[in-house]
Amino acid sequence: MDAVAFEHHLLQEAGTSPNNGALPLIVYRGAIEVGGDEPEAAVERHFGTNGWGDGFRGDTFPFHHYHSIAHEVVGCARGAARLQFGGPEGPVVDMQAGDAVLIPSGVVHVRLDDKPGYVSVGAYPPGQQPDLCVLSDGDALISNARDDTEGLELKVVGEAEMPAIRAAIAAVPLPGSDPLAGAGGPVTTLWLER
């Protein structure tokens with residue numbers, strides 16, 4: 001892969017948003033060629049070429065959530081969306097087709113808008129599958145009302161559960177490759193060589 005523009009954000013714990021103070025969130029700009037009739041397949045192929053898979057096609061959930069047992073990459077295959085990371089006070093990132101974001105385990109994320117036409121594709125490192133951690137009972141109710149959360153273990157995480165969640169996040173293995181650049185790229189410099 002040619003050099004790609006990216007930005008990164010190191011997100012510290014904020015209340016019951018554990019985030020990941022060791023691994024930065026990485027936003028890749030224009031990293032995937034998504035032209036053609038099925039851009040979702042192009043995103044899946046790109047991730048798969050770099051060893052990331054077992055993911056989904058769909059939307060980014062419109063409630064604050066995170067994964068305590070997996071890292072996740074999300075590519076924008078169609079349209080655009082406004083996403084927030086790190087919890088209710090975290091940075092907002094505008095995504096468009098061809099962009100992708102690598103979300104370390106523990107980093108809270110949510111889709112803030114409801115523009116039509118947005119389709120995302122997610123993937124995980126080999127051997128990792130996500131759970132679904134939410135910040136409140138209200139987010140759990142929203143999650144339970146959706147068809148696309150079926151099969152994910154839902155966890156409502158409050159202060160009492162935070163020690164176990166922090167330990168789970170810290171134990172998630174680092175991926176062997178960057179989901180966009182394979183053996184090189186930002187994961188190598190920002191995650192693996194830190």
# chains A, B, ... in the order shown; residues from 1 in each chain; ligands from 1

call {"tool": "select_by_dssp", "arguments": {"residues": "stretch 25-172 of chain A", "states": "alpha helix (DSSP H)", "output": "JSON, numbers by chain"}}
result
{"A": [39, 40, 41, 42, 43, 44, 45, 46, 47, 48, 49, 137, 138, 139, 140, 141, 142, 143, 144, 162, 163, 164, 165, 166, 167, 168, 169, 170, 171]}

call {"tool": "write_last_selection", "arguments": {"atoms": "C-alpha atoms", "output": "PDB file, in the first residue's frame"}}
result
ATOM      1  CA  PRO A  39     -17.669  -1.095  -2.452  1.00  0.00           C
ATOM      2  CA  GLU A  40     -18.349  -3.255   0.625  1.00  0.00           C
ATOM      3  CA  ALA A  41     -16.560  -6.153  -1.067  1.00  0.00           C
ATOM      4  CA  ALA A  42     -13.593  -3.888  -1.877  1.00  0.00           C
ATOM      5  CA  VAL A  43     -13.277  -2.939   1.807  1.00  0.00           C
ATOM      6  CA  GLU A  44     -13.553  -6.587   2.896  1.00  0.00           C
ATOM      7  CA  ARG A  45     -10.879  -7.627   0.380  1.00  0.00           C
ATOM      8  CA  HIS A  46      -8.572  -4.856   1.551  1.00  0.00           C
ATOM      9  CA  PHE A  47      -8.901  -5.866   5.196  1.00  0.00           C
ATOM     10  CA  GLY A  48      -8.700  -9.578   4.336  1.00  0.00           C
ATOM     11  CA  THR A  49      -5.487  -9.108   2.356  1.00  0.00           C
ATOM     12  CA  ASP A 137     -29.092   0.804  30.858  1.00  0.00           C
ATOM     13  CA  GLY A 138     -30.560   3.202  28.274  1.00  0.00           C
ATOM     14  CA  ASP A 139     -27.887   2.179  25.745  1.00  0.00           C
ATOM     15  CA  ALA A 140     -28.635  -1.475  26.564  1.00  0.00           C
ATOM     16  CA  LEU A 141     -32.321  -0.913  25.766  1.00  0.00           C
ATOM     17  CA  ILE A 142     -31.416   0.649  22.406  1.00  0.00           C
ATOM     18  CA  SER A 143     -29.069  -2.250  21.699  1.00  0.00           C
ATOM     19  CA  ASN A 144     -31.683  -4.866  22.563  1.00  0.00           C
ATOM     20  CA  MET A 162     -14.458  -1.327  35.604  1.00  0.00           C
ATOM     21  CA  PRO A 163     -11.546  -3.262  37.221  1.00  0.00           C
ATOM     22  CA  ALA A 164     -12.437  -6.453  35.322  1.00  0.00           C
ATOM     23  CA  ILE A 165     -13.018  -4.506  32.099  1.00  0.00           C
ATOM     24  CA  ARG A 166      -9.646  -2.721  32.404  1.00  0.00           C
ATOM     25  CA  ALA A 167      -7.941  -6.108  32.835  1.00  0.00           C
ATOM     26  CA  ALA A 168      -9.749  -7.566  29.802  1.00  0.00           C
ATOM     27  CA  ILE A 169      -8.767  -4.586  27.634  1.00  0.00           C
ATOM     28  CA  ALA A 170      -5.121  -4.812  28.701  1.00  0.00           C
ATOM     29  CA  ALA A 171      -5.070  -8.534  27.857  1.00  0.00           C
TER      30      ALA A 171
END

call {"tool": "residues_around", "arguments": {"residues": "A:Asn19", "least_positions_apart": "5", "cutoff": "10 Å", "atoms": "only C-alpha atoms", "output": "JSON, numbers by chain"}}
result
{"A": [10, 11, 12, 13, 14, 24, 25, 66, 67, 68, 85, 86, 87, 103, 104, 105, 106, 107, 108, 109, 166, 169]}

call {"tool": "write_last_selection", "arguments": {"atoms": "N, CA and C atoms", "output": "compact mmCIF listing (two decimals), in the first residue's frame"}}
result
# COMPACT_ATOMS: atom_id res chain seq x y z
N LEU A 10 -4.87 9.53 21.22
CA LEU A 10 -4.71 8.68 22.39
C LEU A 10 -5.78 9.10 23.39
N LEU A 11 -6.71 8.20 23.68
CA LEU A 11 -7.88 8.53 24.48
C LEU A 11 -7.78 7.88 25.86
N GLN A 12 -7.75 8.72 26.87
CA GLN A 12 -7.62 8.27 28.25
C GLN A 12 -8.99 7.93 28.83
N GLU A 13 -8.98 7.16 29.90
CA GLU A 13 -10.21 6.81 30.60
C GLU A 13 -10.95 8.07 31.05
N ALA A 14 -12.28 8.04 30.90
CA ALA A 14 -13.13 9.17 31.31
C ALA A 14 -14.40 8.59 31.93
N PRO A 24 -3.28 4.24 20.52
CA PRO A 24 -4.09 5.31 19.94
C PRO A 24 -5.09 4.80 18.90
N LEU A 25 -6.21 5.49 18.83
CA LEU A 25 -7.17 5.35 17.75
C LEU A 25 -6.47 5.88 16.49
N TYR A 66 -18.36 -0.06 23.26
CA TYR A 66 -16.97 -0.43 23.00
C TYR A 66 -16.85 -1.94 23.10
N HIS A 67 -15.66 -2.43 22.74
CA HIS A 67 -15.38 -3.86 22.77
C HIS A 67 -14.21 -4.08 23.72
N SER A 68 -14.40 -4.90 24.73
CA SER A 68 -13.35 -5.10 25.73
C SER A 68 -12.43 -6.26 25.40
N PHE A 85 -15.57 9.39 19.36
CA PHE A 85 -14.74 8.40 20.03
C PHE A 85 -14.38 8.87 21.43
N GLY A 86 -14.25 7.92 22.35
CA GLY A 86 -13.78 8.26 23.69
C GLY A 86 -14.86 8.57 24.68
N GLY A 87 -16.13 8.56 24.27
CA GLY A 87 -17.23 8.88 25.17
C GLY A 87 -17.87 10.21 24.82
N ILE A 103 -9.95 1.02 15.83
CA ILE A 103 -10.43 1.31 17.18
C ILE A 103 -9.83 0.29 18.14
N PRO A 104 -8.91 0.74 19.01
CA PRO A 104 -8.34 -0.20 19.99
C PRO A 104 -9.41 -0.70 20.96
N SER A 105 -9.20 -1.87 21.50
CA SER A 105 -10.12 -2.39 22.51
C SER A 105 -10.31 -1.33 23.60
N GLY A 106 -11.54 -1.20 24.05
CA GLY A 106 -11.86 -0.27 25.13
C GLY A 106 -12.26 1.12 24.70
N VAL A 107 -12.00 1.50 23.45
CA VAL A 107 -12.32 2.86 23.01
C VAL A 107 -13.80 2.95 22.66
N VAL A 108 -14.48 3.84 23.36
CA VAL A 108 -15.91 4.06 23.17
C VAL A 108 -16.14 4.75 21.82
N HIS A 109 -17.19 4.32 21.10
CA HIS A 109 -17.53 4.95 19.83
C HIS A 109 -19.04 4.92 19.61
N ARG A 166 -11.02 -3.21 32.65
CA ARG A 166 -9.65 -2.72 32.40
C ARG A 166 -8.69 -3.89 32.17
N ILE A 169 -9.30 -5.46 28.70
CA ILE A 169 -8.77 -4.59 27.63
C ILE A 169 -7.25 -4.73 27.55

call {"tool": "closest_atom_pairs", "arguments": {"of": "stretch 1-112 of chain A", "to": "stretch 118-128 of chain A", "cutoff": "8 Å", "atoms": "only C-alpha atoms", "output": "Markdown table"}}
result
| residue | atom | partner | partner_atom | distance |
| --- | --- | --- | --- | --- |
| A:Glu40 | CA | A:Val121 | CA | 6.5 |
| A:Val43 | CA | A:Val121 | CA | 6.8 |
| A:Glu44 | CA | A:Val121 | CA | 7.0 |
| A:Phe47 | CA | A:Ala123 | CA | 7.0 |
| A:Gly51 | CA | A:Pro125 | CA | 6.7 |
| A:Trp52 | CA | A:Pro125 | CA | 4.8 |
| A:Gly53 | CA | A:Ala123 | CA | 4.6 |
| A:Asp54 | CA | A:Ala123 | CA | 5.8 |
| A:Gly55 | CA | A:Ala123 | CA | 4.1 |
| A:Phe56 | CA | A:Gly122 | CA | 5.1 |
| A:Arg57 | CA | A:Val121 | CA | 4.5 |
| A:Gly58 | CA | A:Val119 | CA | 5.3 |
| A:Asp59 | CA | A:Ser120 | CA | 5.5 |
| A:Thr60 | CA | A:Ser120 | CA | 6.8 |
| A:Ile69 | CA | A:Gln128 | CA | 7.2 |
| A:Ala70 | CA | A:Gln128 | CA | 5.4 |
| A:His71 | CA | A:Tyr124 | CA | 6.2 |
| A:Glu72 | CA | A:Tyr124 | CA | 5.1 |
| A:Val73 | CA | A:Ala123 | CA | 5.4 |
| A:Val74 | CA | A:Gly122 | CA | 4.3 |
| A:Gly75 | CA | A:Val121 | CA | 5.2 |
| A:Cys76 | CA | A:Ser120 | CA | 4.6 |
| A:Ala77 | CA | A:Ser120 | CA | 5.5 |
| A:Arg78 | CA | A:Val119 | CA | 5.0 |
| A:Gly79 | CA | A:Tyr118 | CA | 4.3 |
| A:Ala80 | CA | A:Tyr118 | CA | 5.4 |
| A:Ala81 | CA | A:Tyr118 | CA | 6.5 |

call {"tool": "write_last_selection", "arguments": {"atoms": "C-alpha atoms", "output": "PDB file, in the first residue's frame"}}
result
ATOM      1  CA  GLU A  40     -18.349  -3.255   0.625  1.00  0.00           C
ATOM      2  CA  VAL A  43     -13.277  -2.939   1.807  1.00  0.00           C
ATOM      3  CA  GLU A  44     -13.553  -6.587   2.896  1.00  0.00           C
ATOM      4  CA  PHE A  47      -8.901  -5.866   5.196  1.00  0.00           C
ATOM      5  CA  GLY A  51      -5.200 -10.598   7.765  1.00  0.00           C
ATOM      6  CA  TRP A  52      -8.303  -8.909   9.255  1.00  0.00           C
ATOM      7  CA  GLY A  53     -11.752 -10.492   8.840  1.00  0.00           C
ATOM      8  CA  ASP A  54     -14.762 -12.129  10.504  1.00  0.00           C
ATOM      9  CA  GLY A  55     -16.569  -8.809  10.503  1.00  0.00           C
ATOM     10  CA  PHE A  56     -19.809  -7.197   9.437  1.00  0.00           C
ATOM     11  CA  ARG A  57     -21.499  -4.981   6.877  1.00  0.00           C
ATOM     12  CA  GLY A  58     -23.920  -2.374   8.145  1.00  0.00           C
ATOM     13  CA  ASP A  59     -23.995   0.672  10.343  1.00  0.00           C
ATOM     14  CA  THR A  60     -22.035   2.038  13.273  1.00  0.00           C
ATOM     15  CA  ILE A  69     -12.008  -8.265  24.090  1.00  0.00           C
ATOM     16  CA  ALA A  70     -11.173  -7.203  20.506  1.00  0.00           C
ATOM     17  CA  HIS A  71      -9.647  -4.466  18.415  1.00  0.00           C
ATOM     18  CA  GLU A  72     -11.879  -3.358  15.512  1.00  0.00           C
ATOM     19  CA  VAL A  73     -11.307  -1.677  12.164  1.00  0.00           C
ATOM     20  CA  VAL A  74     -14.256   0.028  10.466  1.00  0.00           C
ATOM     21  CA  GLY A  75     -14.135   1.152   6.848  1.00  0.00           C
ATOM     22  CA  CYS A  76     -16.638   3.515   5.269  1.00  0.00           C
ATOM     23  CA  ALA A  77     -17.801   1.797   2.071  1.00  0.00           C
ATOM     24  CA  ARG A  78     -20.617   4.201   1.120  1.00  0.00           C
ATOM     25  CA  GLY A  79     -21.798   7.641   2.121  1.00  0.00           C
ATOM     26  CA  ALA A  80     -20.557   9.588   5.108  1.00  0.00           C
ATOM     27  CA  ALA A  81     -21.044   9.650   8.866  1.00  0.00           C
TER      28      ALA A  81
END

call {"tool": "select_by_dssp", "arguments": {"residues": "stretch 39-185 of chain A", "states": "strand (DSSP E)", "output": "count of residues only"}}
result
45

call {"tool": "residues_around", "arguments": {"residues": "A:Thr16", "least_positions_apart": "5", "cutoff": "10 Å", "atoms": "only C-alpha atoms", "output": "MDAnalysis selection string"}}
result
chainID A and resid 87 108 134:136 157:162

call {"tool": "write_last_selection", "arguments": {"atoms": "C-alpha atoms", "output": "compact mmCIF listing (two decimals), in the first residue's frame"}}
result
# COMPACT_ATOMS: atom_id res chain seq x y z
CA GLY A 87 -17.23 8.88 25.17
CA VAL A 108 -15.91 4.06 23.17
CA VAL A 134 -22.40 -0.11 26.88
CA LEU A 135 -22.27 2.80 29.30
CA SER A 136 -25.86 2.75 30.56
CA VAL A 157 -20.49 -1.55 32.55
CA GLY A 158 -20.58 0.68 35.61
CA GLU A 159 -17.96 1.58 38.20
CA ALA A 160 -18.19 -1.86 39.88
CA GLU A 161 -17.30 -3.67 36.64
CA MET A 162 -14.46 -1.33 35.60

call {"tool": "decode", "arguments": {"residues": "stretch 98-162 of chain A", "atoms": "C-alpha atoms", "output": "mmCIF file, in the first residue's frame"}}
result
data_model
loop_
_atom_site.group_PDB
_atom_site.id
_atom_site.type_symbol
_atom_site.label_atom_id
_atom_site.label_comp_id
_atom_site.auth_asym_id
_atom_site.auth_seq_id
_atom_site.Cartn_x
_atom_site.Cartn_y
_atom_site.Cartn_z
ATOM 1 C CA GLY A 98 -12.721 5.262 1.483
ATOM 2 C CA ASP A 99 -11.825 6.297 5.037
ATOM 3 C CA ALA A 100 -11.250 3.798 7.836
ATOM 4 C CA VAL A 101 -10.677 3.906 11.581
ATOM 5 C CA LEU A 102 -8.794 1.424 13.754
ATOM 6 C CA ILE A 103 -10.432 1.310 17.176
ATOM 7 C CA PRO A 104 -8.338 -0.196 19.986
ATOM 8 C CA SER A 105 -10.120 -2.387 22.511
ATOM 9 C CA GLY A 106 -11.864 -0.273 25.129
ATOM 10 C CA VAL A 107 -12.317 2.863 23.013
ATOM 11 C CA VAL A 108 -15.914 4.056 23.166
ATOM 12 C CA HIS A 109 -17.532 4.949 19.834
ATOM 13 C CA VAL A 110 -20.927 6.048 18.507
ATOM 14 C CA ARG A 111 -22.503 7.332 15.309
ATOM 15 C CA LEU A 112 -23.864 10.824 15.958
ATOM 16 C CA ASP A 113 -25.819 11.463 12.754
ATOM 17 C CA ASP A 114 -28.380 9.527 10.758
ATOM 18 C CA LYS A 115 -27.519 10.534 7.194
ATOM 19 C CA PRO A 116 -28.909 7.999 4.734
ATOM 20 C CA GLY A 117 -26.583 5.984 2.527
ATOM 21 C CA TYR A 118 -23.816 5.257 5.031
ATOM 22 C CA VAL A 119 -22.544 1.670 5.029
ATOM 23 C CA SER A 120 -19.590 0.536 7.084
ATOM 24 C CA VAL A 121 -17.584 -2.682 7.004
ATOM 25 C CA GLY A 122 -15.907 -3.953 10.157
ATOM 26 C CA ALA A 123 -13.192 -6.538 10.712
ATOM 27 C CA TYR A 124 -11.109 -8.025 13.530
ATOM 28 C CA PRO A 125 -7.628 -9.514 13.929
ATOM 29 C CA PRO A 126 -7.407 -13.308 13.685
ATOM 30 C CA GLY A 127 -8.889 -15.026 16.732
ATOM 31 C CA GLN A 128 -10.713 -11.940 18.042
ATOM 32 C CA GLN A 129 -14.492 -11.494 18.193
ATOM 33 C CA PRO A 130 -16.163 -8.518 19.893
ATOM 34 C CA ASP A 131 -18.399 -8.272 22.883
ATOM 35 C CA LEU A 132 -20.724 -5.258 23.246
ATOM 36 C CA CYS A 133 -20.068 -3.066 26.275
ATOM 37 C CA VAL A 134 -22.397 -0.115 26.876
ATOM 38 C CA LEU A 135 -22.270 2.797 29.299
ATOM 39 C CA SER A 136 -25.861 2.754 30.558
ATOM 40 C CA ASP A 137 -29.092 0.804 30.858
ATOM 41 C CA GLY A 138 -30.560 3.202 28.274
ATOM 42 C CA ASP A 139 -27.887 2.179 25.745
ATOM 43 C CA ALA A 140 -28.635 -1.475 26.564
ATOM 44 C CA LEU A 141 -32.321 -0.913 25.766
ATOM 45 C CA ILE A 142 -31.416 0.649 22.406
ATOM 46 C CA SER A 143 -29.069 -2.250 21.699
ATOM 47 C CA ASN A 144 -31.683 -4.866 22.563
ATOM 48 C CA ALA A 145 -34.185 -3.259 20.174
ATOM 49 C CA ARG A 146 -31.819 -3.716 17.189
ATOM 50 C CA ASP A 147 -31.465 -6.792 14.991
ATOM 51 C CA ASP A 148 -27.783 -6.112 14.203
ATOM 52 C CA THR A 149 -26.579 -6.683 17.784
ATOM 53 C CA GLU A 150 -27.758 -10.283 17.864
ATOM 54 C CA GLY A 151 -24.962 -12.658 18.791
ATOM 55 C CA LEU A 152 -22.911 -10.050 20.661
ATOM 56 C CA GLU A 153 -22.530 -10.530 24.409
ATOM 57 C CA LEU A 154 -24.050 -7.365 25.911
ATOM 58 C CA LYS A 155 -22.424 -5.955 29.053
ATOM 59 C CA VAL A 156 -23.649 -2.869 30.908
ATOM 60 C CA VAL A 157 -20.488 -1.554 32.549
ATOM 61 C CA GLY A 158 -20.580 0.681 35.606
ATOM 62 C CA GLU A 159 -17.962 1.577 38.204
ATOM 63 C CA ALA A 160 -18.189 -1.858 39.877
ATOM 64 C CA GLU A 161 -17.300 -3.665 36.637
ATOM 65 C CA MET A 162 -14.458 -1.327 35.604
#
